[in-house]
file target_29.txt (compact mmCIF, C-alpha atoms)
# COMPACT_ATOMS: atom_id res chain seq x y z
CA MET K 19 97.82 82.71 68.23
CA TRP K 20 95.98 82.56 71.55
CA PRO K 21 94.59 79.12 72.45
CA TYR K 22 90.79 79.15 72.48
CA TYR K 23 88.97 77.47 75.38
CA PRO K 24 85.36 78.68 75.21
CA GLU K 25 84.42 76.91 78.43
CA LEU K 26 86.81 79.19 80.31
CA LEU K 27 85.24 82.30 78.79
CA ALA K 28 81.59 81.39 79.27
CA ARG K 29 81.17 83.26 82.55
CA PRO K 30 80.65 87.06 82.26
CA VAL K 31 83.09 88.85 84.56
CA PRO K 32 83.81 92.46 85.63
CA ARG K 33 86.42 94.63 83.95
CA TYR K 34 87.94 95.23 87.41
CA THR K 35 88.46 98.96 87.17
CA SER K 36 88.04 98.81 90.94
CA PHE K 37 87.84 96.25 93.71
CA PRO K 38 85.30 95.72 95.10
CA THR K 39 83.44 96.52 91.90
CA ALA K 40 80.52 98.89 91.51
CA ALA K 41 78.19 95.88 91.85
CA GLU K 42 78.98 95.93 95.57
CA PHE K 43 78.12 99.59 96.12
CA THR K 44 75.40 100.18 98.73
CA PRO K 45 73.62 103.26 100.16
CA ALA K 46 75.33 102.50 103.48
CA VAL K 47 78.31 104.48 102.17
CA GLY K 48 77.59 108.04 101.14
CA ALA K 49 78.17 111.74 101.68
CA ASP K 50 79.45 111.44 105.26
CA ASP K 51 82.01 108.85 104.18
CA LEU K 52 83.09 111.11 101.34
CA ASP K 53 83.38 114.10 103.66
CA GLU K 54 85.48 112.12 106.15
CA ALA K 55 87.77 110.73 103.47
CA LEU K 56 88.33 114.15 101.89
CA ARG K 57 89.29 115.69 105.22
CA GLN K 58 91.80 112.86 105.83
CA THR K 59 93.40 113.05 102.38
CA SER K 60 96.86 114.50 101.85
CA GLY K 61 99.62 114.24 99.26
CA ASP K 62 99.15 113.61 95.54
CA VAL K 63 95.62 113.25 94.18
CA SER K 64 94.03 113.08 90.75
CA LEU K 65 90.75 114.64 89.68
CA TYR K 66 88.12 113.24 87.33
CA VAL K 67 85.45 115.65 86.05
CA HIS K 68 82.33 114.05 84.56
CA ILE K 69 80.21 115.71 81.86
CA PRO K 70 77.20 113.37 81.41
CA PHE K 71 75.97 114.86 78.13
CA CYS K 72 76.48 114.22 74.42
CA GLU K 73 75.18 116.14 71.44
CA LYS K 74 74.48 112.81 69.75
CA ILE K 75 73.70 109.58 71.61
CA CYS K 76 75.26 106.44 70.12
CA TRP K 77 73.19 103.27 70.25
CA TYR K 78 75.90 101.05 71.71
CA CYS K 79 76.95 103.39 74.51
CA GLY K 80 76.92 102.22 78.13
CA CYS K 81 77.99 105.54 79.63
CA ASN K 82 75.86 107.57 82.00
CA THR K 83 74.97 110.29 79.52
CA GLY K 84 72.02 112.20 78.12
CA ALA K 85 71.32 114.46 75.16
CA ALA K 86 72.72 118.00 75.44
CA ASN K 87 69.72 119.46 73.66
CA LYS K 88 68.43 121.67 76.47
CA ARG K 89 70.87 124.48 77.17
CA GLN K 90 69.23 125.46 80.45
CA ARG K 91 69.59 121.93 81.83
CA LEU K 92 73.24 121.88 80.79
CA ALA K 93 73.87 125.31 82.30
CA SER K 94 72.25 124.22 85.57
CA TYR K 95 74.42 121.13 85.66
CA LEU K 96 77.57 123.19 85.17
CA ASP K 97 76.49 125.52 87.98
CA ALA K 98 76.10 122.50 90.26
CA LEU K 99 79.45 121.08 89.18
CA THR K 100 81.14 124.40 89.88
CA ARG K 101 79.48 124.45 93.32
CA GLU K 102 80.75 120.94 94.02
CA ILE K 103 84.29 122.05 93.14
CA ALA K 104 83.91 124.95 95.58
CA LEU K 105 82.62 122.63 98.33
CA ILE K 106 85.29 119.94 97.98
CA GLY K 107 88.35 122.14 97.55
CA PRO K 108 88.29 123.62 101.09
CA ARG K 109 87.87 120.17 102.64
CA LEU K 110 91.34 119.33 101.31
CA ASP K 111 92.67 122.47 103.02
CA GLY K 112 95.94 122.81 101.11
CA ARG K 113 97.12 119.34 102.11
CA ILE K 114 97.01 117.94 98.60
CA ARG K 115 98.76 118.37 95.26
CA VAL K 116 96.70 117.78 92.12
CA LYS K 117 98.96 116.15 89.54
CA ARG K 118 96.36 114.98 86.99
CA ILE K 119 92.98 116.23 85.80
CA ALA K 120 90.83 114.17 83.43
CA PHE K 121 87.58 115.25 81.79
CA GLY K 122 85.27 112.45 80.68
CA GLY K 123 81.66 111.70 79.91
CA GLY K 124 79.53 111.56 77.95
CA SER K 125 81.41 114.02 75.81
CA PRO K 126 83.09 116.99 77.49
CA ASN K 127 82.86 118.86 74.20
CA ALA K 128 79.07 118.77 74.58
CA ILE K 129 79.64 121.96 76.58
CA SER K 130 81.06 125.08 74.94
CA PRO K 131 84.78 125.92 74.94
CA THR K 132 84.01 128.94 77.12
CA GLU K 133 82.21 126.76 79.68
CA PHE K 134 85.17 124.39 79.69
CA VAL K 135 87.54 127.26 80.48
CA ARG K 136 85.29 128.35 83.34
CA LEU K 137 85.46 124.86 84.84
CA CYS K 138 89.24 124.86 84.52
CA ASP K 139 89.36 128.27 86.21
CA ALA K 140 87.21 126.94 89.08
CA LEU K 141 89.56 124.00 89.56
CA THR K 142 92.52 126.38 89.60
CA VAL K 143 90.88 128.57 92.25
CA HIS K 144 89.73 125.82 94.62
CA PHE K 145 92.40 123.11 94.30
CA ALA K 146 96.16 123.18 94.77
CA LEU K 147 97.28 122.35 91.24
CA GLU K 148 100.90 121.36 90.78
CA ALA K 149 101.61 121.45 87.03
CA PRO K 150 98.96 118.79 86.40
CA VAL K 151 98.68 116.62 83.31
CA TRP K 152 95.36 117.53 81.64
CA SER K 153 93.44 114.95 79.59
CA ILE K 154 90.05 114.92 77.90
CA GLU K 155 87.68 112.57 76.06
CA LEU K 156 86.28 114.05 72.84
CA ASP K 157 83.59 113.31 70.27
CA PRO K 158 85.15 114.09 66.86
CA ARG K 159 81.73 114.57 65.27
CA THR K 160 81.08 117.76 67.21
CA LEU K 161 84.57 119.14 67.81
CA THR K 162 84.82 122.72 66.54
CA PRO K 163 88.02 124.67 65.74
CA ALA K 164 87.46 126.80 68.85
CA TRP K 165 88.17 123.70 70.95
CA GLY K 166 91.67 123.49 69.52
CA ASP K 167 92.43 127.01 70.71
CA VAL K 168 91.02 126.34 74.18
CA LEU K 169 92.84 123.04 74.67
CA ALA K 170 96.11 124.76 73.77
CA ARG K 171 95.38 127.62 76.15
CA VAL K 172 94.59 125.32 79.08
CA GLY K 173 97.58 123.10 78.33
CA VAL K 174 95.77 119.83 77.66
CA THR K 175 98.30 117.30 76.35
CA ARG K 176 96.29 114.08 76.27
CA ALA K 177 93.07 113.30 74.43
CA SER K 178 90.96 110.28 73.61
CA LEU K 179 88.74 110.03 70.54
CA GLY K 180 85.74 107.73 70.23
CA VAL K 181 86.55 106.35 66.78
CA GLN K 182 85.04 102.85 67.23
CA THR K 183 85.33 101.87 63.54
CA PHE K 184 86.29 103.39 60.18
CA ASP K 185 83.79 101.22 58.30
CA PRO K 186 80.77 103.30 57.12
CA GLY K 187 78.40 100.32 57.23
CA LEU K 188 79.34 99.45 60.80
CA GLN K 189 79.06 103.10 61.80
CA ALA K 190 75.48 103.15 60.54
CA ALA K 191 74.74 99.88 62.35
CA ILE K 192 75.71 101.34 65.74
CA GLY K 193 74.50 104.92 65.29
CA ARG K 194 77.96 106.46 65.12
CA VAL K 195 78.37 107.95 61.64
CA GLN K 196 81.62 109.91 61.27
CA PRO K 197 83.50 110.01 57.94
CA GLU K 198 87.18 109.14 57.93
CA SER K 199 87.91 112.73 56.93
CA THR K 200 86.41 113.83 60.27
CA ILE K 201 88.93 111.73 62.20
CA GLU K 202 91.78 112.98 60.02
CA TYR K 203 90.77 116.62 60.55
CA THR K 204 90.27 116.17 64.30
CA THR K 205 93.60 114.41 64.71
CA ALA K 206 95.46 117.18 62.88
CA MET K 207 93.68 119.86 64.91
CA LEU K 208 94.55 118.17 68.21
CA ARG K 209 98.19 117.77 67.24
CA ASP K 210 98.34 121.46 66.37
CA ALA K 211 96.78 122.22 69.77
CA GLY K 212 99.62 120.43 71.57
CA ILE K 213 98.16 116.97 72.16
CA THR K 214 101.18 114.69 72.50
CA SER K 215 99.35 111.52 73.58
CA LEU K 216 96.30 110.71 71.47
CA ASN K 217 94.15 107.63 72.06
CA TYR K 218 91.70 106.03 69.63
CA ASP K 219 88.91 103.86 71.06
CA LEU K 220 88.11 101.02 68.63
CA MET K 221 85.66 98.13 68.94
CA TYR K 222 85.37 94.54 67.80
CA GLY K 223 82.33 92.27 67.95
CA LEU K 224 80.09 94.78 66.14
CA PRO K 225 77.07 93.59 64.09
CA GLY K 226 78.25 92.31 60.71
CA GLN K 227 81.90 92.95 61.51
CA ASP K 228 84.62 90.59 60.32
CA TRP K 229 88.40 90.58 60.62
CA ALA K 230 88.93 92.44 57.34
CA MET K 231 86.82 95.34 58.62
CA LEU K 232 88.67 95.43 61.93
CA GLU K 233 92.04 95.17 60.22
CA HIS K 234 91.18 98.21 58.09
CA SER K 235 90.32 100.24 61.19
CA LEU K 236 93.51 99.18 62.98
CA THR K 237 95.55 100.02 59.89
CA ARG K 238 94.06 103.50 59.60
CA ALA K 239 94.53 104.15 63.33
CA SER K 240 98.18 103.19 63.05
CA GLU K 241 98.68 105.24 59.89
CA MET K 242 97.13 108.29 61.54
CA GLY K 243 99.65 107.99 64.34
CA ALA K 244 97.47 107.13 67.34
CA ASP K 245 99.79 106.97 70.36
CA ARG K 246 97.37 104.70 72.19
CA ILE K 247 94.69 102.31 70.97
CA ALA K 248 92.02 100.77 73.19
CA LEU K 249 90.46 97.76 71.46
CA PHE K 250 87.23 96.97 73.29
CA GLY K 251 84.83 94.11 72.74
CA TYR K 252 81.29 95.40 72.23
CA ALA K 253 79.03 94.31 75.11
CA HIS K 254 75.44 93.83 73.94
CA VAL K 255 73.15 94.14 76.98
CA PRO K 256 69.87 95.68 75.73
CA HIS K 257 68.07 94.56 78.91
CA MET K 258 70.30 97.01 80.77
CA LEU K 259 70.73 99.61 77.99
CA PRO K 260 67.46 100.05 76.07
CA ARG K 261 69.18 102.19 73.41
CA GLN K 262 71.01 99.04 72.25
CA ARG K 263 67.70 97.59 71.02
CA ARG K 264 68.25 99.61 67.86
CA ILE K 265 71.24 97.39 67.05
CA ASP K 266 70.58 94.23 65.03
CA ASP K 267 71.70 91.50 67.40
CA SER K 268 71.10 88.80 64.79
CA ALA K 269 74.22 90.04 63.00
CA LEU K 270 76.49 90.01 66.06
CA PRO K 271 79.60 87.80 65.75
CA GLY K 272 79.72 84.70 67.95
CA GLN K 273 82.20 84.19 70.74
CA ALA K 274 84.66 82.31 68.53
CA GLU K 275 84.63 85.15 65.99
CA ARG K 276 85.05 87.75 68.74
CA PHE K 277 87.99 85.82 70.16
CA GLN K 278 89.61 85.60 66.74
CA MET K 279 89.24 89.35 66.19
CA ALA K 280 90.80 90.11 69.58
CA ASP K 281 93.61 87.66 68.90
CA LYS K 282 94.38 88.99 65.43
CA GLY K 283 94.06 92.57 66.64
CA TYR K 284 96.67 91.94 69.32
CA THR K 285 99.02 90.33 66.81
CA PHE K 286 98.50 93.12 64.28
CA LEU K 287 99.14 96.00 66.68
CA THR K 288 102.17 94.44 68.33
CA GLY K 289 103.47 93.83 64.82
CA GLN K 290 103.07 97.55 64.17
CA GLY K 291 105.32 98.30 67.13
CA TYR K 292 102.71 98.96 69.79
CA VAL K 293 103.44 97.76 73.32
CA PRO K 294 100.57 95.64 74.69
CA VAL K 295 98.99 97.04 77.84
CA GLY K 296 96.97 94.16 79.21
CA PHE K 297 95.41 92.31 76.30
CA ASP K 298 93.17 95.02 74.83
CA HIS K 299 95.16 98.27 75.18
CA PHE K 300 98.22 99.28 73.20
CA ALA K 301 100.66 102.19 73.24
CA LEU K 302 103.64 103.28 71.19
CA PRO K 303 107.00 102.74 72.93
CA GLY K 304 107.56 106.45 73.53
CA ASP K 305 104.19 106.91 75.25
CA SER K 306 104.14 107.11 79.05
CA LEU K 307 101.59 104.28 79.27
CA ALA K 308 103.90 101.91 77.39
CA GLN K 309 106.85 102.99 79.52
CA ALA K 310 104.89 102.37 82.73
CA THR K 311 103.91 98.93 81.45
CA VAL K 312 107.48 97.95 80.70
CA ALA K 313 108.69 99.31 84.04
CA GLY K 314 105.96 97.49 86.03
CA ARG K 315 104.31 100.74 87.15
CA LEU K 316 100.94 100.20 85.49
CA HIS K 317 97.76 100.66 87.53
CA ARG K 318 94.04 100.38 86.88
CA ASN K 319 91.20 102.67 87.91
CA PHE K 320 87.78 103.72 86.66
CA GLN K 321 89.40 105.31 83.62
CA GLY K 322 91.06 102.00 82.73
CA PHE K 323 94.79 101.35 82.57
CA THR K 324 96.88 104.26 83.78
CA GLU K 325 100.40 105.17 84.81
CA ASP K 326 98.95 107.52 87.44
CA PRO K 327 100.55 106.64 90.81
CA ALA K 328 98.26 108.84 92.95
CA PRO K 329 96.59 106.82 95.74
CA VAL K 330 93.45 109.00 95.67
CA LEU K 331 91.13 109.82 92.77
CA ILE K 332 88.43 112.41 93.43
CA GLY K 333 85.40 112.26 91.17
CA LEU K 334 83.45 115.44 90.40
CA GLY K 335 80.08 115.45 88.68
CA ALA K 336 77.00 113.23 88.52
CA SER K 337 77.85 109.49 88.81
CA ALA K 338 81.58 110.27 89.24
CA ILE K 339 83.42 107.92 91.60
CA SER K 340 86.00 108.87 94.22
CA CYS K 341 88.51 106.21 95.22
CA PHE K 342 90.43 106.23 98.50
CA PRO K 343 92.57 103.43 99.96
CA ASP K 344 89.85 102.41 102.43
CA ARG K 345 86.65 103.31 100.58
CA ILE K 346 84.98 104.07 97.26
CA VAL K 347 82.16 106.62 96.99
CA GLN K 348 79.95 107.34 93.99
CA ASN K 349 78.05 110.55 93.40
CA GLU K 350 74.35 110.64 92.64
CA LYS K 351 73.84 109.29 89.11
CA ASN K 352 70.75 111.25 88.17
CA ALA K 353 71.76 114.71 86.97
CA GLY K 354 68.57 116.30 88.31
CA ARG K 355 68.98 114.90 91.81
CA TYR K 356 72.69 115.75 91.66
CA ARG K 357 71.82 119.39 90.93
CA MET K 358 69.31 119.43 93.78
CA LEU K 359 71.86 118.15 96.32
CA LEU K 360 74.44 120.73 95.29
CA SER K 361 71.86 123.52 95.35
CA GLN K 362 71.56 122.78 99.08
CA ASP K 363 75.36 122.67 99.50
CA HIS K 364 75.32 118.90 100.14
CA LEU K 365 78.01 116.56 98.90
CA SER K 366 76.42 114.21 96.38
CA GLY K 367 77.91 110.86 97.46
CA VAL K 368 75.02 108.39 97.67
CA GLY K 369 76.63 104.95 97.41
CA GLY K 370 79.85 103.07 97.68
CA VAL K 371 81.77 100.50 99.64
CA ARG K 372 84.21 100.35 102.52
CA ARG K 373 87.37 98.48 101.58
CA SER K 374 88.40 96.07 104.32
CA ALA K 375 91.99 94.94 104.77
CA MET K 376 91.06 91.75 102.89
CA ASP K 377 89.46 93.79 100.08
CA GLN K 378 92.69 95.77 99.74
CA GLU K 379 94.78 92.60 99.71
CA LEU K 380 92.61 90.92 97.08
CA GLY K 381 92.45 94.17 95.10
CA ALA K 382 96.25 94.25 94.97
CA ILE K 383 96.29 90.68 93.62
CA ILE K 384 93.73 91.50 90.92
CA ASN K 385 95.59 94.68 90.01
CA GLY K 386 98.83 92.71 89.73
CA LEU K 387 97.28 90.12 87.43
CA MET K 388 95.57 92.74 85.25
CA CYS K 389 98.49 95.19 85.07
CA GLN K 390 101.70 93.21 85.56
CA GLY K 391 100.47 89.78 84.53
CA ALA K 392 101.57 88.29 87.85
CA ALA K 393 100.81 88.49 91.57
CA GLN K 394 102.09 86.99 94.78
CA ILE K 395 99.07 85.15 96.18
CA GLY K 396 100.86 83.27 98.97
CA THR K 397 101.44 79.56 99.35
CA GLU K 398 98.46 78.98 101.66
CA ARG K 399 96.00 80.72 99.33
CA ALA K 400 97.59 78.94 96.37
CA LEU K 401 96.87 75.56 97.95
CA GLN K 402 93.30 76.54 98.75
CA MET K 403 92.65 77.82 95.24
CA LEU K 404 94.44 75.08 93.34
CA PRO K 405 91.19 73.37 92.23
CA ASP K 406 89.90 76.66 90.77
CA LEU K 407 93.22 77.49 89.14
CA ALA K 408 93.80 74.00 87.76
CA PRO K 409 91.87 74.51 84.47
CA PHE K 410 94.18 77.42 83.64
CA LEU K 411 97.39 75.84 84.95
CA ASP K 412 96.75 72.52 83.20
CA ARG K 413 96.26 74.27 79.85
CA GLY K 414 99.44 76.30 80.21
CA LEU K 415 97.60 79.61 80.50
CA ALA K 416 99.32 80.41 83.80
CA THR K 417 102.02 79.12 86.12
CA LEU K 418 102.11 78.90 89.90
CA GLU K 419 105.44 78.74 91.69
CA ALA K 420 106.25 79.55 95.32
CA GLY K 421 102.90 81.25 95.75
CA ARG K 422 103.34 83.49 92.69
CA LEU K 423 100.71 83.27 89.96
CA SER K 424 101.96 84.37 86.54
CA ILE K 425 99.90 84.74 83.35
CA ALA K 426 101.46 83.03 80.33
CA PRO K 427 101.42 84.87 76.96
CA GLY K 428 98.59 82.65 75.76
CA GLY K 429 96.65 83.35 78.94
CA LEU K 430 96.19 87.08 78.37
CA PRO K 431 92.56 86.87 77.19
CA TYR K 432 91.73 84.84 80.31
CA VAL K 433 93.14 87.31 82.82
CA ARG K 434 89.75 88.76 83.80
CA THR K 435 88.38 85.26 84.32
CA MET K 436 91.36 84.32 86.48
CA SER K 437 91.06 87.58 88.40
CA ALA K 438 87.42 86.75 89.18
CA LEU K 439 88.61 83.67 91.08
CA PHE K 440 89.96 86.06 93.74
CA ASP K 441 86.68 87.97 93.96
CA PRO K 442 84.55 86.46 96.76
CA TYR K 443 81.64 88.73 95.80
CA ARG K 444 81.36 86.95 92.45
CA GLN K 445 80.92 83.45 93.83
CA ASP K 446 77.19 83.79 94.48
CA SER K 447 76.44 86.87 92.44
CA VAL K 448 73.66 86.86 89.86
CA ARG K 449 74.77 90.21 88.43
CA ARG K 450 75.56 90.22 84.74
CA PHE K 451 78.84 91.54 83.42
CA SER K 452 80.45 91.71 80.00
CA SER K 453 82.03 88.84 78.13
CA ALA K 454 85.66 88.25 79.10
CA VAL K 455 86.65 88.69 75.43

call {"tool": "encode", "arguments": {"input": "target_29.txt", "output": "structure tokens"}}
result
Amino acid sequence: MWPYYPELLARPVPRYTSFPTAAEFTPAVGADDLDEALRQTSGDVSLYVHIPFCEKICWYCGCNTGAANKRQRLASYLDALTREIALIGPRLDGRIRVKRIAFGGGSPNAISPTEFVRLCDALTVHFALEAPVWSIELDPRTLTPAWGDVLARVGVTRASLGVQTFDPGLQAAIGRVQPESTIEYTTAMLRDAGITSLNYDLMYGLPGQDWAMLEHSLTRASEMGADRIALFGYAHVPHMLPRQRRIDDSALPGQAERFQMADKGYTFLTGQGYVPVGFDHFALPGDSLAQATVAGRLHRNFQGFTEDPAPVLIGLGASAISCFPDRIVQNEKNAGRYRMLLSQDHLSGVGGVRRSAMDQELGAIINGLMCQGAAQIGTERALQMLPDLAPFLDRGLATLEAGRLSIAPGGLPYVRTMSALFDPYRQDSVRRFSSAV
């Protein structure tokens, strides 16, 4: 059982999929910075391709996505995306090796299987692919049999399904109705297509949800053989996401109930043999994510926890983010403006941040705490930060010895809060983030 200290969880904090976080992005960094970084890049890189459309919009969703109900708009977006691929590839001039390609959204299967193949062909033509690992996020509600054939043809081996919950009442409460038979069918189809690492996204903290409901979903996910499970806490921020106003916030569990669900979920899944990855991700021992965790090779990027060692991630598509050692650049978020920029053969980077030497040092500390549960912070910094760390050290949630900060087993749910202590941008920030648990 994790010890519960609500006062240490009261402050909303970032998920730290990057450092500095997206809250620090400014228009001072844009297309020129992206162009310069691309031309300086060499070695292994990963690609992320963003499809900001869904056939059905879920009420809880915080993704940058829109309804795929206008085929011409979708076709125009894909034309722009293909043009972006053609513009960026030559800037890398054969100096790079693409080892991983991930499709996310939105829902990549909002486009047709044929359109997906065309995108893959464009990537093959314009980038130097070196037997990459292909992965894709999928909406099981709209996944047709033709997708199974295409995924097998392309060689996709990893997939992530937005399951969220198996409880029909909760599904109705969040606008995500998908019968259990749909998940069973989709899982079988993906296995037949050659998917060897399958992730289920599940949520706790949903309106009217209790532990019994969550336990049922975790049980079914385990029984269906999910290789990875991401157990996210629902973040209710209707002031930022108007679609969430359709969710009954009077039925949302309180912080103590959310904490209990996260705690019991962790205990349940580790009891089922899953290796904990951080405190809210889990993977079977044979999965590469679990192996990277055990070996201390885990990293974190905008796709979450990953075993991907590439120092550069290039984002393609509206709102996609490219990460380089010394800078982060985000593409134009609005799909219409994104299309306009690409129609004029302009790179679409419109915001971001330069990463100073101090940013990179602090980012390494935060990554160490989030991914390895420990980081060398140095004796001088340890002395300076002792008053801030004391509430966690005194409660046995962490230890500090010879300048090395280590998270104790009971301190796992507090890791984001402790990480925020090393984030100078958070000290005076009024930006709102999600609950730490």

call {"tool": "closest_residue", "arguments": {"input": "target_29.txt", "among": "K:Leu249, K:Leu52, K:Ala28, K:Ala146", "to": "Gln348 of chain K", "atoms": "all atoms listed in the file"}}
result
K:Leu52

call {"tool": "atom_distance", "arguments": {"input": "target_29.txt", "atom1": "atom CA of Ala244 of chain K", "atom2": "atom CA of Tyr78 of chain K"}}
result
22.8 Å

call {"tool": "residues_around", "arguments": {"input": "target_29.txt", "residues": "Arg246 of chain K", "least_positions_apart": "2", "cutoff": "7 Å", "atoms": "only C-alpha atoms", "output": "MDAnalysis selection string"}}
result
chainID K and resid 216:218 244 248 300:302

call {"tool": "residues_near_point", "arguments": {"input": "target_29.txt", "point": "(80.5, 92.3, 61.8)", "cutoff": "8 Å", "atoms": "only C-alpha atoms", "output": "PyMOL selection string"}}
result
chain K and resi 188+223-228+231+269-271

call {"tool": "closest_residue", "arguments": {"input": "target_29.txt", "among": "K:Asp326, K:Asp157, K:Glu379, K:Asp185", "to": "Val116 of chain K", "atoms": "all atoms listed in the file"}}
result
K:Asp326

call {"tool": "residues_around", "arguments": {"input": "target_29.txt", "residues": "Thr162 of chain K", "least_positions_apart": "6", "cutoff": "12 Å", "atoms": "all atoms listed in the file", "output": "list in words"}}
result
Asn127, Ala128, Ile129, Ser130, Pro131, Leu156, Val168, Leu169, Thr200, Tyr203, Thr204, Met207 and Leu208 of chain K

call {"tool": "residues_around", "arguments": {"input": "target_29.txt", "residues": "Ala353 of chain K", "least_positions_apart": "6", "cutoff": "10 Å", "atoms": "only C-alpha atoms", "output": "PDB file with C-alpha atoms, in the coordinates of the input"}}
result
ATOM      1  CA  ILE K  69      80.210 115.710  81.860  1.00  0.00           C
ATOM      2  CA  PRO K  70      77.200 113.370  81.410  1.00  0.00           C
ATOM      3  CA  PHE K  71      75.970 114.860  78.130  1.00  0.00           C
ATOM      4  CA  ASN K  82      75.860 107.570  82.000  1.00  0.00           C
ATOM      5  CA  THR K  83      74.970 110.290  79.520  1.00  0.00           C
ATOM      6  CA  GLY K  84      72.020 112.200  78.120  1.00  0.00           C
ATOM      7  CA  ARG K  91      69.590 121.930  81.830  1.00  0.00           C
ATOM      8  CA  LEU K  92      73.240 121.880  80.790  1.00  0.00           C
ATOM      9  CA  SER K  94      72.250 124.220  85.570  1.00  0.00           C
ATOM     10  CA  TYR K  95      74.420 121.130  85.660  1.00  0.00           C
ATOM     11  CA  ALA K  98      76.100 122.500  90.260  1.00  0.00           C
ATOM     12  CA  GLY K 335      80.080 115.450  88.680  1.00  0.00           C
ATOM     13  CA  ALA K 336      77.000 113.230  88.520  1.00  0.00           C
ATOM     14  CA  SER K 337      77.850 109.490  88.810  1.00  0.00           C
ATOM     15  CA  LEU K 359      71.860 118.150  96.320  1.00  0.00           C
TER      16      LEU K 359
END

call {"tool": "closest_residue", "arguments": {"input": "target_29.txt", "among": "K:Arg57, K:His234, K:His254, K:His299", "to": "Pro431 of chain K", "atoms": "only C-alpha atoms"}}
result
K:His299

call {"tool": "atom_distance", "arguments": {"input": "target_29.txt", "atom1": "atom CA of Glu133 of chain K", "atom2": "atom CA of Phe323 of chain K"}}
result
28.5 Å

call {"tool": "closest_residue", "arguments": {"input": "target_29.txt", "among": "K:Thr237, K:Thr39, K:Gln290, K:Thr100", "to": "Tyr443 of chain K", "atoms": "only C-alpha atoms"}}
result
K:Thr39

call {"tool": "axis_aligned_box", "arguments": {"input": "target_29.txt", "around": "segment 433-437 of chain K", "padding_each_side": "3 Å", "output": "AutoDock Vina command-line options"}}
result
--center_x 90.8 --center_y 86.5 --center_z 85.6 --size_x 10.8 --size_y 10.4 --size_z 11.6

call {"tool": "residues_near_point", "arguments": {"input": "target_29.txt", "point": "(89.1, 116.5, 85.0)", "cutoff": "10 Å", "atoms": "only C-alpha atoms", "output": "NGL selection string"}}
result
:K and (64-69 or 118-122 or 126 or 137-138 or 141 or 151-155 or 332-335)

call {"tool": "atom_distance", "arguments": {"input": "target_29.txt", "atom1": "atom CA of Pro45 of chain K", "atom2": "atom CA of Leu439 of chain K"}}
result
26.3 Å

call {"tool": "residues_around", "arguments": {"input": "target_29.txt", "residues": "segment 385-398 of chain K", "least_positions_apart": "4", "cutoff": "9 Å", "atoms": "all atoms listed in the file", "output": "compact mmCIF listing (two decimals) with C-alpha atoms, keeping the file's coordinate frame"}}
result
# COMPACT_ATOMS: atom_id res chain seq x y z
CA TYR K 34 87.94 95.23 87.41
CA THR K 35 88.46 98.96 87.17
CA SER K 36 88.04 98.81 90.94
CA PHE K 37 87.84 96.25 93.71
CA VAL K 295 98.99 97.04 77.84
CA GLY K 296 96.97 94.16 79.21
CA PHE K 297 95.41 92.31 76.30
CA THR K 311 103.91 98.93 81.45
CA VAL K 312 107.48 97.95 80.70
CA GLY K 314 105.96 97.49 86.03
CA ARG K 315 104.31 100.74 87.15
CA LEU K 316 100.94 100.20 85.49
CA HIS K 317 97.76 100.66 87.53
CA ARG K 318 94.04 100.38 86.88
CA PHE K 323 94.79 101.35 82.57
CA LEU K 380 92.61 90.92 97.08
CA GLY K 381 92.45 94.17 95.10
CA GLN K 402 93.30 76.54 98.75
CA MET K 403 92.65 77.82 95.24
CA GLU K 419 105.44 78.74 91.69
CA ALA K 420 106.25 79.55 95.32
CA GLY K 421 102.90 81.25 95.75
CA ARG K 422 103.34 83.49 92.69
CA LEU K 423 100.71 83.27 89.96
CA SER K 424 101.96 84.37 86.54
CA ILE K 425 99.90 84.74 83.35
CA ALA K 426 101.46 83.03 80.33
CA LEU K 430 96.19 87.08 78.37
CA VAL K 433 93.14 87.31 82.82
CA ARG K 434 89.75 88.76 83.80
CA MET K 436 91.36 84.32 86.48
CA SER K 437 91.06 87.58 88.40

call {"tool": "decode", "arguments": {"input": "target_29.txt", "residues": "segment 303-309 of chain K", "atoms": "N, CA and C atoms", "output": "PDB file, in the first residue's frame"}}
result
ATOM      1  N   PRO K 303       7.017  -9.187 -18.715  1.00  0.00           N
ATOM      2  CA  PRO K 303       8.484  -9.333 -18.661  1.00  0.00           C
ATOM      3  C   PRO K 303       9.154  -9.511 -20.019  1.00  0.00           C
ATOM      4  N   GLY K 304       8.484 -10.174 -20.957  1.00  0.00           N
ATOM      5  CA  GLY K 304       9.095 -10.396 -22.258  1.00  0.00           C
ATOM      6  C   GLY K 304       9.033  -9.212 -23.193  1.00  0.00           C
ATOM      7  N   ASP K 305       8.286  -8.165 -22.816  1.00  0.00           N
ATOM      8  CA  ASP K 305       8.141  -6.993 -23.671  1.00  0.00           C
ATOM      9  C   ASP K 305       9.381  -6.113 -23.567  1.00  0.00           C
ATOM     10  N   SER K 306       9.737  -5.450 -24.679  1.00  0.00           N
ATOM     11  CA  SER K 306      10.950  -4.634 -24.714  1.00  0.00           C
ATOM     12  C   SER K 306      10.888  -3.469 -23.737  1.00  0.00           C
ATOM     13  N   LEU K 307       9.697  -2.956 -23.442  1.00  0.00           N
ATOM     14  CA  LEU K 307       9.589  -1.850 -22.494  1.00  0.00           C
ATOM     15  C   LEU K 307       9.945  -2.312 -21.083  1.00  0.00           C
ATOM     16  N   ALA K 308       9.481  -3.494 -20.707  1.00  0.00           N
ATOM     17  CA  ALA K 308       9.828  -4.054 -19.399  1.00  0.00           C
ATOM     18  C   ALA K 308      11.320  -4.336 -19.315  1.00  0.00           C
ATOM     19  N   GLN K 309      11.885  -4.865 -20.390  1.00  0.00           N
ATOM     20  CA  GLN K 309      13.310  -5.188 -20.401  1.00  0.00           C
ATOM     21  C   GLN K 309      14.156  -3.927 -20.291  1.00  0.00           C
TER      22      GLN K 309
END
